>>> print(open('query28.cif').read())   # mmCIF, C-alpha atoms and all ligand atoms
data_target
#
loop_
_atom_site.label_atom_id
_atom_site.label_comp_id
_atom_site.auth_asym_id
_atom_site.auth_seq_id
_atom_site.Cartn_x
_atom_site.Cartn_y
_atom_site.Cartn_z
CA MET B 1 33.81 1.15 -1.72
CA THR B 2 32.63 4.16 0.25
CA LYS B 3 29.36 5.98 0.04
CA PRO B 4 29.10 9.70 0.59
CA GLY B 5 25.86 9.45 2.60
CA ALA B 6 25.74 11.29 5.89
CA ALA B 7 24.94 10.15 9.41
CA ARG B 8 24.00 6.50 8.99
CA GLY B 9 23.25 4.28 11.95
CA ARG B 10 25.82 1.66 12.88
CA GLU B 11 23.69 -1.33 11.94
CA ASP B 12 22.64 -0.14 8.52
CA LEU B 13 25.87 0.10 6.67
CA LEU B 14 24.16 -1.65 3.82
CA ALA B 15 21.96 0.28 1.45
CA LYS B 16 18.29 0.04 2.17
CA VAL B 17 15.80 -1.06 -0.45
CA VAL B 18 12.49 0.68 0.20
CA ALA B 19 9.33 -0.39 -1.63
CA ILE B 20 6.55 2.16 -2.10
CA THR B 21 3.47 0.02 -2.53
CA SER B 22 -0.32 -0.01 -2.10
CA GLY B 23 -2.20 -2.57 -4.15
CA LYS B 24 -4.65 0.03 -5.39
CA GLY B 25 -3.74 2.44 -8.19
CA GLY B 26 -3.92 6.20 -8.08
CA VAL B 27 -3.41 6.52 -4.32
CA GLY B 28 -0.14 8.46 -4.51
CA LYS B 29 2.69 5.90 -4.80
CA THR B 30 4.60 7.75 -7.51
CA THR B 31 4.05 11.08 -5.75
CA THR B 32 5.38 9.47 -2.56
CA ALA B 33 8.35 7.75 -4.23
CA ALA B 34 9.42 11.07 -5.77
CA ALA B 35 8.87 13.02 -2.55
CA PHE B 36 10.63 10.46 -0.39
CA ALA B 37 13.63 10.21 -2.67
CA ALA B 38 13.88 14.00 -2.79
CA GLY B 39 13.50 14.23 1.00
CA LEU B 40 16.22 11.63 1.65
CA ALA B 41 18.52 13.40 -0.80
CA LEU B 42 17.88 16.72 0.98
CA ARG B 43 18.95 15.00 4.19
CA GLY B 44 22.27 14.12 2.61
CA HIS B 45 21.62 10.51 1.66
CA LYS B 46 22.62 9.35 -1.76
CA THR B 47 19.33 8.07 -3.15
CA VAL B 48 18.05 6.52 -6.35
CA VAL B 49 14.36 6.15 -7.20
CA ILE B 50 13.45 3.31 -9.57
CA ASP B 51 10.28 3.11 -11.62
CA PHE B 52 8.96 -0.48 -11.48
CA ASP B 53 5.80 0.40 -13.40
CA VAL B 54 6.97 -1.22 -16.64
CA GLY B 55 4.89 -0.09 -19.60
CA LEU B 56 3.47 2.94 -17.82
CA ARG B 57 6.50 5.10 -17.24
CA ASN B 58 5.52 8.15 -15.15
CA LEU B 59 8.15 8.72 -12.52
CA ASP B 60 10.26 10.57 -15.12
CA LEU B 61 7.47 13.13 -15.55
CA VAL B 62 6.87 13.57 -11.83
CA MET B 63 10.63 14.02 -11.35
CA GLY B 64 10.85 16.37 -14.33
CA CYS B 65 13.47 14.42 -16.30
CA GLU B 66 11.33 12.95 -19.10
CA ARG B 67 13.42 14.52 -21.84
CA ARG B 68 16.63 13.05 -20.52
CA VAL B 69 15.62 9.37 -20.69
CA VAL B 70 17.83 7.40 -23.06
CA PHE B 71 18.29 3.97 -21.51
CA ASP B 72 16.02 2.36 -18.96
CA PHE B 73 15.72 -0.30 -16.27
CA ILE B 74 14.89 -3.07 -18.75
CA ASN B 75 17.86 -2.16 -20.97
CA VAL B 76 20.12 -2.59 -17.95
CA ILE B 77 18.44 -5.84 -16.87
CA ASN B 78 18.96 -7.19 -20.38
CA GLY B 79 22.57 -6.02 -20.48
CA ASP B 80 21.94 -3.61 -23.36
CA ALA B 81 23.16 -0.66 -21.31
CA ASN B 82 25.13 -0.25 -18.13
CA LEU B 83 23.90 1.42 -14.96
CA ASN B 84 25.72 4.68 -15.42
CA GLN B 85 24.28 5.12 -18.89
CA ALA B 86 20.74 4.73 -17.56
CA LEU B 87 20.85 6.62 -14.27
CA ILE B 88 19.70 10.23 -14.55
CA LYS B 89 21.27 12.69 -12.13
CA ASP B 90 18.81 15.20 -10.71
CA LYS B 91 19.61 18.79 -11.59
CA ARG B 92 18.41 20.18 -8.25
CA ASN B 93 20.17 17.87 -5.82
CA ASP B 94 23.49 16.06 -6.25
CA ASN B 95 22.42 13.16 -4.05
CA LEU B 96 19.40 12.29 -6.15
CA TYR B 97 19.21 9.93 -9.14
CA ILE B 98 16.30 8.69 -11.21
CA PHE B 99 16.17 5.27 -12.84
CA PRO B 100 13.36 5.32 -15.39
CA THR B 101 11.50 2.26 -16.60
CA SER B 102 10.72 1.03 -20.06
CA GLN B 103 7.58 1.55 -22.10
CA THR B 104 7.63 -2.05 -23.28
CA ARG B 105 4.38 -3.97 -23.21
CA ASP B 106 6.17 -7.19 -22.36
CA LYS B 107 5.23 -7.56 -18.74
CA ASP B 108 7.72 -10.38 -18.18
CA ALA B 109 10.63 -8.07 -18.99
CA LEU B 110 11.13 -7.53 -15.26
CA LYS B 111 13.11 -10.70 -14.58
CA ARG B 112 13.71 -11.37 -10.92
CA ASP B 113 17.37 -12.40 -11.22
CA GLY B 114 18.07 -9.40 -13.42
CA VAL B 115 16.41 -7.08 -10.91
CA GLU B 116 18.46 -8.66 -8.13
CA ARG B 117 21.71 -8.09 -10.04
CA VAL B 118 20.86 -4.43 -10.71
CA LEU B 119 19.86 -3.81 -7.08
CA GLU B 120 23.11 -5.36 -5.84
CA GLU B 121 25.03 -3.04 -8.13
CA LEU B 122 23.03 0.00 -6.97
CA LYS B 123 23.70 -0.91 -3.32
CA GLN B 124 27.38 -0.28 -3.96
CA GLN B 125 26.68 3.33 -4.89
CA PHE B 126 23.61 4.41 -2.92
CA ASP B 127 22.33 4.69 0.64
CA PHE B 128 18.69 4.28 -0.30
CA ILE B 129 17.00 2.59 -3.24
CA ILE B 130 13.37 3.65 -3.53
CA CYS B 131 11.18 1.32 -5.60
CA ASP B 132 8.03 2.88 -7.04
CA SER B 133 5.64 -0.07 -7.42
CA PRO B 134 2.93 -0.48 -10.03
CA ALA B 135 -0.62 -1.06 -8.84
CA GLY B 136 -2.04 -4.55 -8.45
CA ILE B 137 -0.73 -7.74 -6.91
CA GLU B 138 0.74 -9.22 -10.07
CA HIS B 139 4.30 -9.80 -11.23
CA GLY B 140 5.37 -6.14 -11.34
CA ALA B 141 4.08 -5.27 -7.89
CA VAL B 142 5.48 -8.43 -6.32
CA THR B 143 8.88 -7.85 -7.96
CA ALA B 144 8.94 -4.28 -6.64
CA LEU B 145 8.48 -5.45 -3.06
CA TYR B 146 10.33 -8.79 -3.24
CA PHE B 147 13.80 -7.43 -2.39
CA ALA B 148 12.61 -4.77 0.07
CA ASP B 149 14.13 -4.13 3.47
CA SER B 150 11.40 -1.58 4.23
CA ALA B 151 8.00 -1.01 2.74
CA ILE B 152 5.87 2.10 2.84
CA ILE B 153 2.21 1.28 2.40
CA VAL B 154 0.54 4.24 0.70
CA THR B 155 -3.12 4.28 1.67
CA ASN B 156 -6.01 6.68 1.16
CA PRO B 157 -8.70 6.96 3.85
CA GLU B 158 -11.17 5.04 1.74
CA VAL B 159 -12.51 1.45 1.91
CA SER B 160 -10.99 -0.06 -1.23
CA SER B 161 -7.59 1.44 -0.62
CA VAL B 162 -7.52 0.14 2.97
CA ARG B 163 -8.58 -3.33 1.88
CA ASP B 164 -5.94 -3.47 -0.86
CA SER B 165 -3.29 -2.27 1.57
CA ASP B 166 -4.20 -5.18 3.81
CA ARG B 167 -3.62 -7.56 0.91
CA ILE B 168 -0.23 -6.04 0.18
CA ILE B 169 0.78 -6.26 3.84
CA GLY B 170 -0.12 -9.97 3.66
CA ILE B 171 2.01 -10.41 0.53
CA LEU B 172 4.95 -8.63 2.17
CA SER B 173 4.83 -11.00 5.10
CA SER B 174 4.52 -14.14 2.99
CA ARG B 175 6.12 -13.58 -0.40
CA SER B 176 8.99 -11.14 0.06
CA ARG B 177 12.52 -12.49 -0.05
CA ARG B 178 12.91 -11.82 3.65
CA ALA B 179 9.82 -13.94 4.33
CA GLU B 180 10.98 -16.73 2.03
CA ARG B 181 14.39 -16.83 3.69
CA ASN B 182 13.03 -16.57 7.23
CA GLU B 183 14.97 -13.35 7.75
CA PRO B 184 13.72 -10.47 9.94
CA PRO B 185 10.51 -9.24 8.32
CA VAL B 186 10.27 -6.28 5.97
CA GLU B 187 9.95 -3.16 8.12
CA THR B 188 6.47 -2.02 7.14
CA SER B 189 4.86 1.33 7.82
CA LEU B 190 1.74 3.18 6.80
CA LEU B 191 1.62 6.50 4.99
CA LEU B 192 -1.91 7.85 4.85
CA THR B 193 -2.22 10.26 1.94
CA ARG B 194 -4.90 12.57 0.49
CA TYR B 195 -6.18 13.09 4.02
CA ASP B 196 -8.85 15.72 4.55
CA PRO B 197 -9.12 16.57 8.27
CA ALA B 198 -12.25 18.67 7.77
CA ARG B 199 -14.12 15.73 6.28
CA VAL B 200 -12.81 13.46 9.04
CA THR B 201 -14.23 15.83 11.63
CA LYS B 202 -17.59 15.67 9.91
CA GLY B 203 -17.49 11.88 10.01
CA GLU B 204 -17.30 11.64 6.25
CA MET B 205 -13.81 10.17 6.03
CA LEU B 206 -12.00 7.42 7.92
CA ALA B 207 -9.76 8.93 10.59
CA VAL B 208 -6.06 8.16 10.75
CA GLU B 209 -6.61 6.25 14.03
CA ASP B 210 -9.27 4.09 12.37
CA VAL B 211 -7.04 3.16 9.44
CA GLN B 212 -4.12 2.43 11.72
CA GLU B 213 -6.29 0.32 14.00
CA ILE B 214 -7.60 -1.70 11.06
CA LEU B 215 -4.24 -2.28 9.38
CA SER B 216 -2.20 -2.38 12.63
CA VAL B 217 1.10 -1.23 11.19
CA LYS B 218 3.32 1.60 12.39
CA LEU B 219 2.20 5.04 11.20
CA LEU B 220 4.90 6.88 9.28
CA GLY B 221 2.89 9.96 8.44
CA VAL B 222 -0.22 11.65 7.18
CA ILE B 223 -0.10 13.64 3.94
CA PRO B 224 -2.99 16.07 3.53
CA GLU B 225 -4.97 16.43 0.33
CA SER B 226 -3.22 19.43 -1.16
CA GLU B 227 -3.35 21.51 -4.30
CA SER B 228 0.40 21.74 -4.22
CA VAL B 229 0.69 18.10 -5.35
CA LEU B 230 -0.86 18.79 -8.73
CA ARG B 231 1.16 21.98 -9.07
CA ALA B 232 4.33 19.98 -8.33
CA SER B 233 3.55 17.28 -10.88
CA ASN B 234 2.58 19.89 -13.47
CA THR B 235 6.07 21.31 -13.23
CA GLY B 236 7.97 18.06 -12.68
CA THR B 237 9.07 18.91 -9.14
CA PRO B 238 8.94 16.36 -6.31
CA VAL B 239 6.56 17.97 -3.81
CA ALA B 240 9.12 17.60 -1.01
CA PHE B 241 11.15 20.32 -2.76
CA ASP B 242 8.23 22.69 -2.13
CA GLU B 243 8.74 23.44 1.52
CA ASP B 244 5.96 26.00 1.53
CA SER B 245 3.30 23.43 0.77
CA PRO B 246 1.55 21.41 3.48
CA ALA B 247 2.08 18.18 1.52
CA GLY B 248 5.77 18.98 1.04
CA ARG B 249 6.24 19.62 4.74
CA ALA B 250 4.28 16.51 5.66
CA TYR B 251 6.54 14.43 3.39
CA LEU B 252 9.67 15.94 4.95
CA ASP B 253 8.32 15.04 8.40
CA ALA B 254 7.66 11.49 7.25
CA VAL B 255 11.21 11.24 5.87
CA ALA B 256 12.56 12.45 9.23
CA ARG B 257 10.52 9.77 11.05
CA PHE B 258 11.76 7.21 8.56
CA LEU B 259 15.29 8.19 9.57
CA GLY B 260 14.38 7.57 13.20
CA GLU B 261 13.52 11.08 14.39
CA GLN B 262 10.50 12.02 16.47
CA ARG B 263 8.18 14.47 14.78
CA GLU B 264 4.75 15.53 15.88
CA MET B 265 1.96 14.67 13.42
CA ARG B 266 0.86 17.81 11.61
CA PHE B 267 -2.05 18.37 9.26
CA VAL B 268 -4.35 15.95 11.09
CA GLN B 269 -6.59 18.69 12.50
CA PRO B 270 -8.81 20.83 10.29
CA GLU B 271 -7.70 24.38 9.68
CA ARG B 272 -9.41 26.80 12.02
CA ARG B 273 -12.20 28.38 10.09
CA GLY B 274 -15.90 27.92 9.53
CA PHE B 275 -18.92 29.77 10.74
CA PHE B 276 -20.81 26.71 11.96
CA ARG B 277 -18.16 25.55 14.39
CA VAL B 278 -18.30 28.93 16.08
CA LEU B 279 -22.07 28.95 16.17
CA PHE B 280 -22.68 25.43 17.39
CA GLY B 281 -19.53 24.67 19.31
CA ARG B 282 -17.52 21.57 18.56
CA ALA B 283 -19.79 18.79 17.38
CA MET E 1 -38.14 28.68 23.79
CA ARG E 2 -34.52 27.94 24.50
CA LEU E 3 -32.82 25.22 22.57
CA HIS E 4 -29.17 24.44 22.46
CA GLY E 5 -27.72 24.80 18.99
CA MET E 6 -26.94 21.12 18.57
CA ARG E 7 -30.34 19.99 19.96
CA PHE E 8 -32.16 22.27 17.62
CA PHE E 9 -29.99 21.01 14.77
CA ASN E 10 -30.71 17.38 15.62
CA PHE E 11 -34.41 18.14 15.85
CA VAL E 12 -34.55 19.59 12.38
CA PHE E 13 -32.07 17.12 10.83
CA PRO E 14 -32.17 13.78 12.70
CA PRO E 15 -28.60 12.43 12.83
CA ARG E 16 -27.71 9.66 10.42
CA PRO E 17 -24.91 7.21 11.21
CA LYS E 18 -21.71 8.83 10.03
CA SER E 19 -20.47 7.22 6.84
CA ALA E 20 -16.90 6.93 8.14
CA ALA E 21 -18.15 4.80 11.03
CA ILE E 22 -19.97 2.55 8.59
CA ALA E 23 -16.80 2.28 6.50
CA LYS E 24 -14.81 1.22 9.53
CA GLU E 25 -17.29 -1.48 10.53
CA ARG E 26 -17.48 -2.88 7.02
CA LEU E 27 -13.71 -2.97 6.68
CA LYS E 28 -13.29 -4.77 10.00
CA ILE E 29 -15.71 -7.47 8.96
CA VAL E 30 -14.42 -8.01 5.44
CA LEU E 31 -10.78 -8.01 6.51
CA ALA E 32 -11.42 -10.49 9.31
CA HIS E 33 -12.80 -12.84 6.66
CA GLU E 34 -10.04 -12.21 4.17
CA ARG E 35 -7.25 -12.60 6.70
CA ALA E 36 -8.65 -15.91 7.89
CA GLY E 37 -8.79 -17.07 4.30
CA ASN E 38 -5.46 -15.50 3.45
CA HIS E 39 -3.83 -18.83 2.91
CA ALA E 40 -6.99 -20.49 1.62
CA PRO E 41 -5.67 -22.86 -0.96
CA ASP E 42 -7.06 -22.66 -4.48
CA PHE E 43 -8.17 -26.28 -4.33
CA LEU E 44 -11.21 -25.62 -2.11
CA PRO E 45 -13.72 -25.28 -4.96
CA ARG E 46 -12.41 -28.46 -6.61
CA LEU E 47 -12.48 -30.33 -3.32
CA GLN E 48 -16.06 -29.23 -2.83
CA LYS E 49 -17.02 -30.44 -6.29
CA GLU E 50 -15.39 -33.84 -5.84
CA LEU E 51 -17.01 -34.26 -2.46
CA ILE E 52 -20.37 -33.67 -4.06
CA ASP E 53 -19.56 -36.36 -6.64
CA VAL E 54 -18.44 -38.89 -4.05
CA VAL E 55 -21.12 -38.27 -1.47
CA GLY E 56 -23.68 -38.06 -4.24
CA ARG E 57 -22.98 -41.70 -5.09
CA TYR E 58 -24.44 -42.71 -1.75
CA VAL E 59 -27.06 -40.14 -0.89
CA ASP E 60 -29.11 -37.63 -2.78
CA ILE E 61 -27.40 -34.34 -2.47
CA ARG E 62 -27.54 -30.95 -4.06
CA ASP E 63 -24.59 -28.61 -4.64
CA ASP E 64 -25.61 -26.26 -1.90
CA MET E 65 -25.68 -29.02 0.73
CA ILE E 66 -21.90 -29.23 1.00
CA ARG E 67 -19.90 -26.37 2.44
CA VAL E 68 -16.13 -26.40 2.64
CA SER E 69 -14.33 -23.72 4.55
CA LEU E 70 -11.11 -22.94 6.30
CA GLY E 71 -11.34 -21.74 9.83
CA LYS E 72 -9.36 -21.42 13.00
CA SER E 73 -9.80 -22.82 16.44
CA GLY E 74 -7.26 -21.17 18.66
CA GLU E 75 -3.92 -21.88 17.05
CA THR E 76 -5.14 -24.78 14.93
CA SER E 77 -6.25 -24.33 11.36
CA LEU E 78 -9.35 -26.32 10.56
CA LEU E 79 -10.65 -27.57 7.27
CA GLU E 80 -14.34 -27.66 7.93
CA ILE E 81 -16.61 -29.77 5.77
CA ASN E 82 -20.32 -29.55 6.41
CA ILE E 83 -22.54 -31.99 4.60
CA GLU E 84 -26.23 -31.71 5.01
CA ILE E 85 -28.16 -34.81 4.03
CA GLU E 86 -31.85 -35.16 3.82
CA ALA E 87 -32.84 -37.71 6.50
CA ALA E 88 -30.76 -40.69 5.41
CA LYS E 89 -32.10 -40.81 1.93
CA ALA E 90 -29.62 -43.41 0.82
CA LYS E 91 -29.60 -44.28 -2.83
CA ALA E 92 -31.25 -47.65 -3.11
CA LYS E 93 -29.19 -49.27 -5.82
CA LEU E 94 -25.84 -48.35 -4.32
CA GLY E 95 -26.97 -48.94 -0.76
CA SER E 96 -25.38 -52.41 -0.74
CA ALA E 97 -21.99 -50.87 -1.58
CA VAL E 98 -21.97 -49.00 1.67
CA PRO E 99 -20.57 -51.06 4.56
CA ALA E 100 -23.39 -51.69 6.99
N1 LIG B 301 -1.70 14.52 -1.16
C1 LIG B 301 -2.29 14.70 -2.36
N2 LIG B 301 -3.12 15.75 -2.58
C2 LIG B 301 -3.72 15.92 -3.78
N3 LIG B 301 -3.53 15.12 -4.84
C3 LIG B 301 -2.72 14.05 -4.71
C4 LIG B 301 -2.05 13.78 -3.46
N4 LIG B 301 -1.31 12.65 -3.63
C5 LIG B 301 -1.48 12.25 -4.91
N5 LIG B 301 -2.34 13.08 -5.57
C6 LIG B 301 -2.77 12.96 -6.96
O1 LIG B 301 -3.34 11.69 -7.15
C7 LIG B 301 -3.06 11.20 -8.44
C8 LIG B 301 -2.41 9.84 -8.38
O2 LIG B 301 -1.15 9.95 -7.78
P1 LIG B 301 0.06 8.98 -8.15
O3 LIG B 301 1.20 9.35 -7.27
O4 LIG B 301 0.31 8.95 -9.62
O5 LIG B 301 -0.56 7.58 -7.69
P2 LIG B 301 -0.10 6.08 -8.01
O6 LIG B 301 1.34 6.10 -8.35
O7 LIG B 301 -0.39 5.35 -6.73
O8 LIG B 301 -0.95 5.58 -9.12
C9 LIG B 301 -2.18 12.23 -9.12
O9 LIG B 301 -2.98 13.04 -9.94
C10 LIG B 301 -1.61 13.03 -7.96
O10 LIG B 301 -1.34 14.34 -8.33
MG MG B 302 2.44 5.29 -10.03
#
>>> encode(input="query28.cif", output="structure tokens", more="lines below")
Ligand SMILES: Nc1ncnc2c1ncn2[C@@H]1O[C@H](COP(=O)(O)OP(=O)(O)O)[C@@H](O)[C@H]1O
Ligand SMILES: [Mg+2]
Amino acid sequence: MTKPGAARGREDLLAKVVAITSGKGGVGKTTTAAAFAAGLALRGHKTVVIDFDVGLRNLDLVMGCERRVVFDFINVINGDANLNQALIKDKRNDNLYIFPTSQTRDKDALKRDGVERVLEELKQQFDFIICDSPAGIEHGAVTALYFADSAIIVTNPEVSSVRDSDRIIGILSSRSRRAERNEPPVETSLLLTRYDPARVTKGEMLAVEDVQEILSVKLLGVIPESESVLRASNTGTPVAFDEDSPAGRAYLDAVARFLGEQREMRFVQPERRGFFRVLFGRA
Amino acid sequence: MRLHGMRFFNFVFPPRPKSAAIAKERLKIVLAHERAGNHAPDFLPRLQKELIDVVGRYVDIRDDMIRVSLGKSGETSLLEINIEIEAAKAKAKLGSAVPA
């Protein structure tokens, strides 16, 4: 079976399963999953983004396809629907598909062998499978990262988020399938989001170097705190489709790095303005 | 009087430690602990309780006199058990059960 994806490296002929995870809630996982999937699709890779947050379906809203959901991930796991009935094709990009989750309150609905079967089937059709993890370190979050080849740790420059990211990195290296099978470890990288360079300069916010030093994983990118993120979710548009916004551009840079390109880090310096800096020089 | 901007600023508002620096220090310390205990088995509290029961048969001991922890010495993982006993206050009636 052939996949229409463009320009893949020689060694990764197999689809990649990418977990978007963090431990802590509300740090930007769903925003990132949507933006990353959109960015990979823009780069010509056939990509599906799966909502693993069973019971709290939200990816559909962020992707703007909430009114098109008929069947979901759990229906397919249970054999009540087939993949092609449940996958929603994005209207803006032909390479992009959304796989919504169920609103069920049964948290055991996400059966590991069922998830494995569905992922194997998706690998036949897609280049990248992006898994939007729920918060926490319970069943749902562990299932979302269990089958991962890569993991993107979404972290905010804030103490509890950094600590929870450390926990998740520990779980990736001990409880993922790759760890259990003694295979090469899950390729793990850090995406620092909601970053405010002006506050970093004032010493009010952990700097990207500090967070990277503490977590010691590869840095994939820095996404600035940006009004465009709320505007994007209001309208159901992945922010990576908004190339005029700083967050959108930062996500596209991160996607390029993820694909192995070199990109300079942008949005890590405060914008040039402010009376006091001029008056007192650089503090 | 000539004062540099920053000096004048510091004179009027003495600098406080920056909160981001405090955050970094606190994270380093808490994560060092948590990583060391990452594989801390769940049985530690039960082990501690049973040790208190056993040791308590021979000497007077309070809960807070036994500390069980996991540590590292180089590459070796250590299960460290510290038992503090008040100057050989052996329990009289069980004293004979203890091998001399
Ligand atoms: N870079 C950013 N700038 C501003 N707001 C953001 C940014 N990233 C995420 N947010 C906001 O933070 C909130 C939580 O984001 P979400 O992606 O739902 O997090 P999670 O999936 O981790 O719970 C949302 O309201 C989202 O709009
Ligand atoms: Mg979410």
>>> residues_around(input="query28.cif", residues="stretch 49-62 of chain B", least_positions_apart="4", cutoff="7 Å", atoms="only C-alpha atoms", output="PyMOL selection string")
chain B and resi 30+33+37+66+97-105+107+129-134+140+144+233+236-238
>>> interface_residues(input="query28.cif", of="chain B", to="chain E", cutoff="9 Å", atoms="only C-alpha atoms", output="list in words")
Glu158, Val159, Ser160, Val162, Arg163, Asp166, Arg167, Gly170, Val200, Lys202, Gly203, Glu204, Met205, Leu206, Ala207, Asp210, Val211, Ile214, Leu279, Phe280, Gly281 and Ala283 of chain B
>>> write_last_selection(input="query28.cif", atoms="C-alpha atoms", output="compact mmCIF listing (two decimals), in the frame of the given file")
# COMPACT_ATOMS: atom_id res chain seq x y z
CA GLU B 158 -11.17 5.04 1.74
CA VAL B 159 -12.51 1.45 1.91
CA SER B 160 -10.99 -0.06 -1.23
CA VAL B 162 -7.52 0.14 2.97
CA ARG B 163 -8.58 -3.33 1.88
CA ASP B 166 -4.20 -5.18 3.81
CA ARG B 167 -3.62 -7.56 0.91
CA GLY B 170 -0.12 -9.97 3.66
CA VAL B 200 -12.81 13.46 9.04
CA LYS B 202 -17.59 15.67 9.91
CA GLY B 203 -17.49 11.88 10.01
CA GLU B 204 -17.30 11.64 6.25
CA MET B 205 -13.81 10.17 6.03
CA LEU B 206 -12.00 7.42 7.92
CA ALA B 207 -9.76 8.93 10.59
CA ASP B 210 -9.27 4.09 12.37
CA VAL B 211 -7.04 3.16 9.44
CA ILE B 214 -7.60 -1.70 11.06
CA LEU B 279 -22.07 28.95 16.17
CA PHE B 280 -22.68 25.43 17.39
CA GLY B 281 -19.53 24.67 19.31
CA ALA B 283 -19.79 18.79 17.38
>>> residues_around(input="query28.cif", residues="B:Gly114", least_positions_apart="4", cutoff="8 Å", atoms="all atoms listed in the file", output="ChimeraX atom specification")
/B:77-78,110,118
>>> residues_near_point(input="query28.cif", point="(-14.0, -28.8, -1.7)", cutoff="9 Å", atoms="only C-alpha atoms", output="list of chain:residue names")
E:Phe43, E:Leu44, E:Pro45, E:Arg46, E:Leu47, E:Gln48, E:Lys49, E:Glu50, E:Leu51, E:Ile52, E:Ile66, E:Arg67, E:Val68, E:Ser69, E:Ile81
>>> residues_near_ligand(input="query28.cif", ligand="ligand LIG 301 (chain B)", cutoff="6 Å", atoms="all atoms listed in the file", output="number ranges by chain")
B: 25-31, 193-194, 223-227, 229-230, 247
>>> atom_distance(input="query28.cif", atom1="atom CA of B:Val239", atom2="atom CA of B:Lys218")
23.3 Å
>>> atom_distance(input="query28.cif", atom1="atom CA of B:Gln125", atom2="atom CA of B:Lys111")
21.8 Å
>>> closest_residue(input="query28.cif", among="B:Ile168, B:Ala141, B:Val69, B:Ala151", to="ligand MG 302 (chain B)", atoms="all atoms listed in the file")
B:Ala141
>>> closest_residue(input="query28.cif", among="B:Val48, B:Ile153, B:Ala135, B:Ile171", to="ligand MG 302 (chain B)", atoms="all atoms listed in the file")
B:Ala135
>>> residues_around(input="query28.cif", residues="B:Ser165", least_positions_apart="3", cutoff="8 Å", atoms="only C-alpha atoms", output="PyMOL selection string")
chain B and resi 22-24+153-155+161-162+168-169+215
>>> residues_around(input="query28.cif", residues="B:Asp127", least_positions_apart="2", cutoff="6 Å", atoms="all atoms listed in the file", output="NGL selection string")
:B and (15 or 45-47)
>>> atom_distance(input="query28.cif", atom1="atom CA of B:Gly260", atom2="atom CA of B:Phe36")
14.4 Å
>>> residues_around(input="query28.cif", residues="E:Glu84", least_positions_apart="2", cutoff="9 Å", atoms="all atoms listed in the file", output="PyMOL selection string")
chain E and resi 61+64-67+82+86
>>> closest_residue(input="query28.cif", among="B:Arg92, B:Arg67, B:His139, B:Lys16", to="B:Leu119", atoms="all atoms listed in the file")
B:Lys16
>>> closest_residue(input="query28.cif", among="B:Arg68, B:Gly79, B:Glu120, B:Gly136", to="ligand MG 302 (chain B)", atoms="all atoms listed in the file")
B:Gly136
>>> closest_residue(input="query28.cif", among="B:Asp94, B:Phe73, B:Lys89, B:Arg175", to="B:Glu116", atoms="only C-alpha atoms")
B:Phe73
>>> build_atoms(input="query28.cif", residues="stretch 220-228 of chain B", atoms="N, CA, C and O atoms", output="PDB file, keeping the file's coordinate frame")
ATOM      1  N   LEU B 220       3.748   6.070   9.649  1.00  0.00           N
ATOM      2  CA  LEU B 220       4.900   6.880   9.280  1.00  0.00           C
ATOM      3  C   LEU B 220       4.523   8.342   9.074  1.00  0.00           C
ATOM      4  O   LEU B 220       5.328   9.243   9.298  1.00  0.00           O
ATOM      5  N   GLY B 221       3.276   8.574   8.644  1.00  0.00           N
ATOM      6  CA  GLY B 221       2.890   9.960   8.440  1.00  0.00           C
ATOM      7  C   GLY B 221       1.529  10.087   7.804  1.00  0.00           C
ATOM      8  O   GLY B 221       0.933   9.108   7.350  1.00  0.00           O
ATOM      9  N   VAL B 222       1.049  11.318   7.807  1.00  0.00           N
ATOM     10  CA  VAL B 222      -0.220  11.650   7.180  1.00  0.00           C
ATOM     11  C   VAL B 222       0.042  12.800   6.215  1.00  0.00           C
ATOM     12  O   VAL B 222       0.590  13.832   6.603  1.00  0.00           O
ATOM     13  N   ILE B 223      -0.305  12.598   4.943  1.00  0.00           N
ATOM     14  CA  ILE B 223      -0.100  13.640   3.940  1.00  0.00           C
ATOM     15  C   ILE B 223      -1.474  14.217   3.595  1.00  0.00           C
ATOM     16  O   ILE B 223      -2.363  13.484   3.169  1.00  0.00           O
ATOM     17  N   PRO B 224      -1.664  15.506   3.798  1.00  0.00           N
ATOM     18  CA  PRO B 224      -2.990  16.070   3.530  1.00  0.00           C
ATOM     19  C   PRO B 224      -3.272  16.149   2.024  1.00  0.00           C
ATOM     20  O   PRO B 224      -2.341  16.230   1.220  1.00  0.00           O
ATOM     21  N   GLU B 225      -4.541  16.098   1.691  1.00  0.00           N
ATOM     22  CA  GLU B 225      -4.970  16.430   0.330  1.00  0.00           C
ATOM     23  C   GLU B 225      -4.517  17.866   0.085  1.00  0.00           C
ATOM     24  O   GLU B 225      -4.772  18.745   0.906  1.00  0.00           O
ATOM     25  N   SER B 226      -3.804  18.102  -0.992  1.00  0.00           N
ATOM     26  CA  SER B 226      -3.220  19.430  -1.160  1.00  0.00           C
ATOM     27  C   SER B 226      -3.080  19.793  -2.629  1.00  0.00           C
ATOM     28  O   SER B 226      -2.662  18.982  -3.452  1.00  0.00           O
ATOM     29  N   GLU B 227      -3.450  21.028  -2.920  1.00  0.00           N
ATOM     30  CA  GLU B 227      -3.350  21.510  -4.300  1.00  0.00           C
ATOM     31  C   GLU B 227      -1.912  21.534  -4.780  1.00  0.00           C
ATOM     32  O   GLU B 227      -1.645  21.459  -5.979  1.00  0.00           O
ATOM     33  N   SER B 228      -1.001  21.620  -3.834  1.00  0.00           N
ATOM     34  CA  SER B 228       0.400  21.740  -4.220  1.00  0.00           C
ATOM     35  C   SER B 228       0.915  20.487  -4.929  1.00  0.00           C
ATOM     36  O   SER B 228       1.896  20.545  -5.661  1.00  0.00           O
TER      37      SER B 228
END
